[in-house]
$ cat run08.cif   # mmCIF, C-alpha atoms and all ligand atoms
data_query
#
loop_
_atom_site.label_atom_id
_atom_site.label_comp_id
_atom_site.auth_asym_id
_atom_site.auth_seq_id
_atom_site.Cartn_x
_atom_site.Cartn_y
_atom_site.Cartn_z
CA MET A 20 4.59 -13.85 -26.75
CA LEU A 21 6.11 -12.01 -23.77
CA ILE A 22 4.07 -10.34 -21.05
CA ASN A 23 5.88 -7.70 -19.01
CA CYS A 24 4.76 -8.42 -15.45
CA PRO A 25 4.96 -5.25 -13.30
CA TYR A 26 6.67 -7.28 -10.56
CA CYS A 27 8.64 -10.02 -12.36
CA GLY A 28 9.56 -8.31 -15.63
CA PRO A 29 9.18 -9.84 -19.10
CA ARG A 30 8.11 -13.49 -18.93
CA ASP A 31 7.04 -16.10 -21.46
CA VAL A 32 3.30 -16.49 -21.99
CA ILE A 33 3.47 -20.10 -20.67
CA GLU A 34 3.74 -18.61 -17.16
CA PHE A 35 0.38 -16.83 -17.49
CA THR A 36 -3.27 -17.86 -17.42
CA TYR A 37 -5.92 -15.97 -19.36
CA GLN A 38 -8.71 -14.84 -17.03
CA GLY A 39 -11.03 -13.38 -19.60
CA ASP A 40 -12.27 -10.18 -21.14
CA GLY A 41 -11.23 -7.14 -19.11
CA ASN A 42 -14.04 -4.91 -20.33
CA ARG A 43 -16.84 -6.61 -18.42
CA GLU A 44 -18.39 -5.11 -15.33
CA ARG A 45 -19.90 -7.61 -12.92
CA PRO A 46 -23.30 -6.55 -11.53
CA GLN A 47 -23.77 -6.51 -7.76
CA ALA A 48 -24.37 -10.07 -6.52
CA ALA A 49 -27.97 -9.27 -5.54
CA SER A 50 -28.75 -7.43 -8.76
CA GLN A 51 -31.91 -8.54 -10.57
CA ASN A 52 -31.09 -6.49 -13.64
CA LEU A 53 -31.25 -9.24 -16.26
CA ASP A 54 -29.89 -7.00 -19.02
CA ALA A 55 -26.82 -6.24 -16.91
CA TRP A 56 -26.27 -9.94 -16.20
CA ASN A 57 -26.81 -10.83 -19.84
CA ALA A 58 -24.26 -8.23 -20.88
CA TYR A 59 -21.79 -9.48 -18.28
CA VAL A 60 -22.09 -13.10 -19.37
CA TYR A 61 -22.47 -12.76 -23.15
CA ASP A 62 -21.58 -9.34 -24.56
CA ARG A 63 -18.06 -9.16 -25.99
CA LEU A 64 -16.49 -6.40 -28.07
CA ASN A 65 -14.41 -8.90 -30.07
CA PRO A 66 -12.21 -6.16 -31.53
CA ALA A 67 -9.67 -6.61 -34.33
CA GLY A 68 -7.02 -4.60 -32.52
CA ASP A 69 -6.35 -3.51 -28.93
CA HIS A 70 -8.26 -5.54 -26.35
CA ASN A 71 -8.46 -5.17 -22.56
CA GLU A 72 -7.75 -8.51 -20.91
CA ILE A 73 -7.21 -9.98 -17.46
CA TRP A 74 -4.26 -12.34 -17.12
CA GLN A 75 -2.88 -14.01 -14.01
CA HIS A 76 0.86 -14.54 -13.59
CA SER A 77 0.00 -18.01 -12.28
CA GLY A 78 3.51 -19.38 -12.82
CA GLY A 79 5.20 -16.40 -11.16
CA CYS A 80 4.13 -13.78 -8.61
CA ARG A 81 0.49 -14.90 -9.06
CA ALA A 82 -0.76 -11.31 -9.42
CA HIS A 83 -3.77 -10.57 -11.61
CA LEU A 84 -2.90 -8.15 -14.37
CA ARG A 85 -4.69 -5.76 -16.69
CA VAL A 86 -3.20 -6.34 -20.12
CA VAL A 87 -3.90 -4.57 -23.40
CA ARG A 88 -3.19 -7.03 -26.22
CA ASN A 89 -3.59 -6.47 -29.93
CA THR A 90 -5.68 -9.36 -31.24
CA LEU A 91 -4.18 -9.00 -34.73
CA THR A 92 -0.48 -8.84 -33.85
CA HIS A 93 -0.34 -10.17 -30.23
CA GLU A 94 1.59 -7.01 -29.40
CA ILE A 95 1.13 -6.11 -25.73
CA SER A 96 0.98 -2.35 -25.30
CA SER A 97 0.44 -2.15 -21.55
CA THR A 98 0.40 -4.22 -18.36
CA ALA A 99 -0.56 -3.19 -14.84
CA PHE A 100 -1.69 -4.77 -11.58
CA ALA A 101 -5.44 -5.41 -11.70
CA HIS A 102 -5.92 -4.16 -8.16
CA GLY A 103 -5.79 -0.40 -7.94
CA GLY A 104 -8.33 -0.09 -10.73
CA HIS A 105 -7.99 0.44 -14.43
CA LYS A 106 -10.03 3.33 -15.74
CA SER A 107 -9.15 2.69 -19.37
CA ALA A 108 -11.31 -0.46 -19.31
CA ALA A 109 -14.46 1.63 -19.07
CA ARG A 110 -13.11 3.99 -21.72
CA HIS A 111 -12.45 1.17 -24.19
CA LYS A 112 -15.92 -0.20 -23.60
CA ALA A 113 -17.51 3.16 -24.28
CA GLU A 114 -15.46 3.55 -27.46
CA GLY A 115 -16.42 0.08 -28.63
CA LYS A 116 -20.12 0.78 -28.19
CA SER A 117 -20.14 4.18 -29.89
CA MET B 23 9.75 -33.25 17.62
CA VAL B 24 8.81 -35.64 14.86
CA GLU B 25 11.79 -36.40 12.64
CA ARG B 26 11.23 -34.95 9.20
CA GLN B 27 11.64 -37.32 6.26
CA SER B 28 12.92 -36.14 2.92
CA PRO B 29 10.85 -36.90 -0.19
CA LEU B 30 14.19 -37.18 -2.02
CA GLU B 31 15.47 -40.01 0.19
CA PRO B 32 14.74 -42.90 -2.25
CA VAL B 33 16.41 -41.08 -5.20
CA LEU B 34 19.22 -39.12 -3.57
CA HIS B 35 22.40 -41.09 -4.34
CA ALA B 36 25.55 -39.44 -3.02
CA GLY B 37 28.58 -39.52 -5.31
CA SER B 38 29.55 -38.56 -8.85
CA HIS B 39 27.23 -39.27 -11.77
CA GLY B 40 26.89 -38.69 -15.49
CA ASN B 41 29.73 -37.49 -17.66
CA PHE B 42 32.25 -36.77 -14.88
CA GLU B 43 35.50 -38.19 -16.33
CA HIS B 44 36.80 -34.62 -16.71
CA GLY B 45 35.42 -33.44 -13.37
CA VAL B 46 32.01 -32.43 -12.09
CA ASP B 47 30.55 -29.07 -13.09
CA ILE B 48 27.42 -29.36 -10.92
CA ILE B 49 26.89 -30.14 -7.25
CA LEU B 50 23.36 -31.04 -6.16
CA SER B 51 22.24 -31.20 -2.54
CA GLU B 52 19.18 -30.86 -0.34
CA THR B 53 19.69 -28.06 2.17
CA GLN B 54 16.93 -29.19 4.57
CA PRO B 55 16.36 -25.86 6.32
CA GLY B 56 14.56 -26.04 9.68
CA SER B 57 12.21 -23.19 8.73
CA ILE B 58 10.63 -21.97 5.51
CA VAL B 59 8.15 -19.15 6.11
CA GLN B 60 6.08 -17.02 3.77
CA LEU B 61 5.18 -13.47 4.81
CA ALA B 62 2.61 -11.21 3.16
CA ALA B 63 1.99 -7.55 3.93
CA TRP B 64 -1.39 -5.88 3.62
CA PRO B 65 -1.33 -3.04 1.07
CA GLY B 66 0.61 -0.11 2.51
CA GLU B 67 2.21 -2.19 5.30
CA GLU B 68 5.22 -3.42 3.28
CA LYS B 69 7.77 -1.23 5.05
CA LYS B 70 6.64 -2.41 8.48
CA LEU B 71 6.89 -6.03 7.36
CA ILE B 72 10.40 -5.43 5.99
CA SER B 73 11.44 -3.99 9.35
CA CYS B 74 9.94 -7.07 11.08
CA ILE B 75 12.15 -9.23 8.83
CA ARG B 76 15.17 -7.21 9.89
CA THR B 77 14.22 -7.51 13.57
CA VAL B 78 13.83 -11.30 13.44
CA THR B 79 16.60 -12.28 11.00
CA GLY B 80 19.02 -9.35 10.98
CA LEU B 81 18.75 -9.32 7.19
CA ALA B 82 18.14 -6.06 5.32
CA LEU B 83 16.12 -6.31 2.11
CA PRO B 84 17.39 -4.26 -0.82
CA ASP B 85 14.86 -2.14 -2.71
CA GLY B 86 13.14 -3.50 -5.75
CA ALA B 87 11.08 -6.42 -6.99
CA GLY B 88 12.68 -9.78 -6.25
CA GLY B 89 15.32 -8.26 -3.99
CA GLY B 90 16.82 -10.43 -1.27
CA SER B 91 19.82 -11.25 0.83
CA THR B 92 21.45 -14.15 2.63
CA ASP B 93 24.05 -14.61 5.36
CA GLY B 94 24.50 -18.32 4.74
CA VAL B 95 22.30 -19.31 7.70
CA ARG B 96 19.22 -17.21 7.06
CA SER B 97 17.88 -16.02 3.71
CA VAL B 98 15.09 -13.76 2.54
CA PHE B 99 13.78 -12.70 -0.86
CA GLY B 100 10.71 -11.08 -2.37
CA PHE B 101 8.70 -13.42 -4.60
CA ALA B 102 5.65 -11.21 -5.28
CA SER B 103 4.44 -7.72 -4.51
CA GLY B 104 4.56 -7.33 -0.69
CA LYS B 105 5.36 -11.03 -0.21
CA PHE B 106 8.57 -12.63 1.02
CA THR B 107 10.04 -16.06 1.62
CA VAL B 108 12.27 -16.34 4.70
CA VAL B 109 14.43 -19.38 5.40
CA ASP B 110 16.45 -20.36 8.46
CA GLU B 111 18.65 -23.38 9.16
CA ALA B 112 17.03 -23.50 12.60
CA GLU B 113 13.44 -24.37 13.41
CA GLY B 114 11.05 -21.90 15.05
CA LEU B 115 11.10 -19.03 12.54
CA ALA B 116 7.30 -18.98 12.14
CA SER B 117 6.68 -18.50 15.85
CA ALA B 118 9.37 -15.82 15.99
CA PHE B 119 7.55 -13.92 13.23
CA ALA B 120 4.14 -14.51 14.77
CA GLY B 121 5.40 -12.49 17.73
CA VAL B 122 6.20 -9.37 15.69
CA VAL B 123 4.02 -9.47 12.55
CA THR B 124 0.74 -8.21 14.03
CA PRO B 125 -2.57 -8.93 12.26
CA ALA B 126 -2.61 -5.28 11.15
CA ILE B 127 0.72 -5.69 9.29
CA GLY B 128 0.22 -8.97 7.45
CA THR B 129 0.26 -12.74 7.60
CA VAL B 130 2.74 -15.49 8.47
CA THR B 131 2.50 -18.90 6.79
CA ASP B 132 4.74 -21.75 7.92
CA LEU B 133 5.80 -23.79 4.87
CA SER B 134 8.64 -25.66 6.57
CA HIS B 135 7.01 -29.04 5.87
CA GLY B 136 5.47 -28.01 2.54
CA ARG B 137 8.54 -27.12 0.50
CA THR B 138 11.74 -28.95 -0.35
CA ALA B 139 14.91 -26.91 -0.77
CA ILE B 140 17.33 -28.06 -3.47
CA ARG B 141 20.71 -26.43 -4.00
CA ILE B 142 22.43 -26.45 -7.37
CA ALA B 143 25.99 -25.14 -7.46
CA GLY B 144 28.97 -25.16 -9.77
CA PRO B 145 30.25 -23.49 -12.92
CA LYS B 146 27.44 -24.98 -15.04
CA ALA B 147 24.56 -24.13 -12.63
CA GLU B 148 23.30 -21.29 -14.86
CA TRP B 149 23.60 -23.55 -17.91
CA VAL B 150 21.55 -26.35 -16.39
CA LEU B 151 18.87 -24.05 -14.94
CA ALA B 152 18.51 -22.26 -18.27
CA LYS B 153 17.28 -25.59 -19.68
CA PHE B 154 14.40 -25.53 -17.17
CA PHE B 155 13.27 -21.96 -16.79
CA ALA B 156 12.66 -19.16 -19.31
CA ILE B 157 14.30 -16.47 -17.18
CA ASP B 158 17.66 -14.70 -17.34
CA PHE B 159 20.17 -16.34 -14.97
CA ALA B 160 23.11 -14.07 -15.87
CA LEU B 161 24.60 -12.42 -12.79
CA PRO B 162 23.81 -8.79 -13.80
CA ALA B 163 20.13 -9.69 -14.37
CA PHE B 164 19.87 -12.03 -11.37
CA PRO B 165 22.20 -10.76 -8.63
CA VAL B 166 23.29 -12.69 -5.53
CA GLY B 167 20.50 -12.67 -2.92
CA ALA B 168 17.72 -11.98 -5.44
CA GLY B 169 14.70 -14.26 -5.82
CA ARG B 170 12.48 -15.26 -8.76
CA SER B 171 9.11 -16.99 -8.96
CA THR B 172 8.78 -19.13 -12.04
CA VAL B 173 7.57 -22.50 -13.23
CA HIS B 174 8.90 -25.64 -14.92
CA HIS B 175 5.93 -27.26 -16.64
CA ASP B 176 3.47 -27.41 -13.74
CA ILE B 177 6.10 -27.35 -11.02
CA PHE B 178 6.08 -23.95 -9.38
CA ALA B 179 9.53 -22.90 -8.18
CA GLN B 180 10.98 -20.09 -6.14
CA ILE B 181 14.67 -19.61 -6.87
CA GLN B 182 17.16 -17.59 -4.84
CA ARG B 183 20.69 -16.95 -6.02
CA THR B 184 22.83 -17.58 -2.92
CA GLY B 185 26.22 -17.34 -4.65
CA ALA B 186 27.80 -16.36 -7.96
CA ASP B 187 27.32 -19.95 -9.16
CA GLN B 188 24.84 -21.24 -6.58
CA PHE B 189 21.03 -21.29 -6.53
CA ASP B 190 18.53 -22.54 -3.92
CA ILE B 191 15.28 -23.81 -5.44
CA TYR B 192 12.11 -24.21 -3.36
CA VAL B 193 9.54 -26.58 -4.84
CA PHE B 194 6.37 -28.15 -3.51
CA ARG B 195 7.32 -31.17 -1.43
CA SER B 196 4.99 -33.42 -3.43
CA PHE B 197 6.77 -32.50 -6.69
CA ALA B 198 10.29 -32.51 -5.25
CA ARG B 199 11.26 -36.07 -6.17
CA SER B 200 10.20 -35.67 -9.78
CA PHE B 201 11.95 -32.31 -10.02
CA TRP B 202 15.12 -33.74 -8.47
CA LYS B 203 15.20 -36.54 -11.03
CA ALA B 204 14.79 -34.01 -13.85
CA LEU B 205 17.65 -31.93 -12.42
CA CYS B 206 19.87 -35.02 -12.31
CA HIS B 207 19.07 -35.88 -15.94
CA ALA B 208 19.76 -32.30 -17.02
CA SER B 209 23.11 -32.33 -15.18
CA GLU B 210 24.34 -35.61 -16.67
CA GLU B 211 26.00 -34.03 -19.71
CA VAL B 212 28.30 -31.86 -17.58
CA GLY B 213 28.95 -34.36 -14.79
CA TYR B 214 27.41 -33.88 -11.35
CA GLU B 215 28.03 -34.79 -7.77
CA VAL B 216 25.29 -35.38 -5.21
CA GLN B 217 26.22 -34.41 -1.68
ZN ZN C 1 4.70 -11.66 -11.96
#
$ encode --input "run08.cif" --output "structure tokens"
Amino acid sequence: MLINCPYCGPRDVIEFTYQGDGNRERPQAASQNLDAWNAYVYDRLNPAGDHNEIWQHSGGCRAHLRVVRNTLTHEISSTAFAHGGHKSAARHKAEGKS
Amino acid sequence: MVERQSPLEPVLHAGSHGNFEHGVDIILSETQPGSIVQLAAWPGEEKKLISCIRTVTGLALPDGAGGGSTDGVRSVFGFASGKFTVVDEAEGLASAFAGVVTPAIGTVTDLSHGRTAIRIAGPKAEWVLAKFFAIDFALPAFPVGAGRSTVHHDIFAQIQRTGADQFDIYVFRSFARSFWKALCHASEEVGYEVQ
């Protein structure tokens, strides 16, 4: 599996660390909304297909990346720096829930 | 000044080794630069940081990720977005940068005692490095002056190509001896000389 880092170019997956589901939205630290915390900790879309993920190029430039990976084929259809936002994460979540 | 000791000292044996009856195709050495400095620009301040690098070292950075240059005494290369490694044979580079890189531009981290610089040169340098790292070492993909951040098992490495068949590898000092031994083993088949 190759991940195309926006800085380093295509690199082997051994250089990367999976940082979890990229669809989650962390509540504010002081939030007492238990449903929001429950969703953040437990709710996963678990799709058979494209999935928003956070990966870190830990064995390279060390940037955190937004990656869309197909869970059936491991095909990676997009990569981008995590900072600077990633609007499609919210879109995928909405689609998954509908 | 306290005299710096090399972590390679117990395992660095000058001379020819391995399969060298037909000549050596690899030369290994420790470059022992006086300064190794890491610079990071805040978002949007990259151009100012690049001009600071030019002011202090006289080196101009080419555009693009991983771009770099070297004049044989000083070297610079990008290793991440807005981040650069700068190396000088002389000591004092960190304080020189501290004078021009203001807190509004970015940060200066002195790694002179934290990294060990290993040089691998010779016609089989690409061949030997390709056994370690899953990146493209061919000259068109990895031009002279350019830098790459990568990893060999858990040993993080920054590599700068400083010649057509020469690479400088910066590894954590605490891993340097183990990495050096691995480089020696990998070079045995082509014959290597330690300088
Ligand atoms: Zn990267």
$ residues_near_ligand --input "run08.cif" --ligand "ligand ZN 1 (chain C)" --cutoff "9 Å" --atoms "only C-alpha atoms and all ligand atoms" --output "MDAnalysis selection string"
(chainID A and resid 23:30 34:35 75:84) or (chainID B and resid 101:103 171:172)
$ closest_atom_pairs --input "run08.cif" --of "chain B" --to "chain A" --cutoff "12 Å" --atoms "all atoms listed in the file" --output "CSV"
residue,atom,partner,partner_atom,distance
B:Pro65,CA,A:His102,CA,10.4
B:Gly86,CA,A:Tyr26,CA,8.9
B:Ala87,CA,A:Tyr26,CA,5.7
B:Gly88,CA,A:Cys27,CA,7.3
B:Gly89,CA,A:Cys27,CA,10.9
B:Gly100,CA,A:Cys80,CA,9.5
B:Phe101,CA,A:Cys80,CA,6.1
B:Ala102,CA,A:Cys80,CA,4.5
B:Ser103,CA,A:Tyr26,CA,6.5
B:Gly104,CA,A:Tyr26,CA,10.1
B:Lys105,CA,A:Cys80,CA,8.9
B:Phe106,CA,A:Cys80,CA,10.7
B:Phe155,CA,A:Asp31,CA,9.7
B:Ala156,CA,A:Asp31,CA,6.8
B:Ile157,CA,A:Arg30,CA,7.1
B:Asp158,CA,A:Arg30,CA,9.8
B:Ala163,CA,A:Gly28,CA,10.7
B:Phe164,CA,A:Cys27,CA,11.5
B:Ala168,CA,A:Cys27,CA,11.6
B:Gly169,CA,A:Cys27,CA,9.9
B:Arg170,CA,A:Cys27,CA,7.4
B:Ser171,CA,A:Gly79,CA,4.5
B:Thr172,CA,A:Gly79,CA,4.6
B:Val173,CA,A:Gly78,CA,5.1
B:His174,CA,A:Gly78,CA,8.5
B:His175,CA,A:Ile33,CA,8.6
B:Asp176,CA,A:Gly78,CA,8.1
B:Ile177,CA,A:Gly78,CA,8.6
B:Phe178,CA,A:Gly78,CA,6.3
B:Ala179,CA,A:Gly79,CA,8.4
B:Gln180,CA,A:Gly79,CA,8.5
B:Ile181,CA,A:Gly79,CA,10.9
$ residues_around --input "run08.cif" --residues "Asn41 (chain B)" --least-positions-apart "4" --cutoff "8 Å" --atoms "only C-alpha atoms" --output "PDB file with C-alpha atoms, keeping the file's coordinate frame"
ATOM      1  CA  VAL B  46      32.010 -32.430 -12.090  1.00  0.00           C
ATOM      2  CA  GLU B 210      24.340 -35.610 -16.670  1.00  0.00           C
ATOM      3  CA  GLU B 211      26.000 -34.030 -19.710  1.00  0.00           C
ATOM      4  CA  VAL B 212      28.300 -31.860 -17.580  1.00  0.00           C
ATOM      5  CA  GLY B 213      28.950 -34.360 -14.790  1.00  0.00           C
ATOM      6  CA  TYR B 214      27.410 -33.880 -11.350  1.00  0.00           C
TER       7      TYR B 214
END
$ atom_distance --input "run08.cif" --atom1 "CA of Arg96 (chain B)" --atom2 "CA of Asp110 (chain B)"
4.4 Å
$ atom_distance --input "run08.cif" --atom1 "CA of Leu115 (chain B)" --atom2 "CA of Val59 (chain B)"
7.1 Å
$ atom_distance --input "run08.cif" --atom1 "CA of Val150 (chain B)" --atom2 "CA of Gly37 (chain B)"
18.6 Å
$ closest_residue --input "run08.cif" --among "B:Ile72, B:Arg137, B:Val98, B:Thr129" --to "Gly56 (chain B)" --atoms "only C-alpha atoms"
B:Arg137
$ residues_around --input "run08.cif" --residues "Ser97 (chain B)" --least-positions-apart "5" --cutoff "9 Å" --atoms "only C-alpha atoms" --output "VMD selection string"
chain B and resid 79 81 90 to 92 107 to 110 167 182 184
$ write_last_selection --input "run08.cif" --atoms "C-alpha atoms" --output "CSV table (one decimal), in the frame of the given file"
chain,number,residue,atom,x,y,z
B,79,THR,CA,16.6,-12.3,11.0
B,81,LEU,CA,18.8,-9.3,7.2
B,90,GLY,CA,16.8,-10.4,-1.3
B,91,SER,CA,19.8,-11.2,0.8
B,92,THR,CA,21.4,-14.2,2.6
B,107,THR,CA,10.0,-16.1,1.6
B,108,VAL,CA,12.3,-16.3,4.7
B,109,VAL,CA,14.4,-19.4,5.4
B,110,ASP,CA,16.4,-20.4,8.5
B,167,GLY,CA,20.5,-12.7,-2.9
B,182,GLN,CA,17.2,-17.6,-4.8
B,184,THR,CA,22.8,-17.6,-2.9
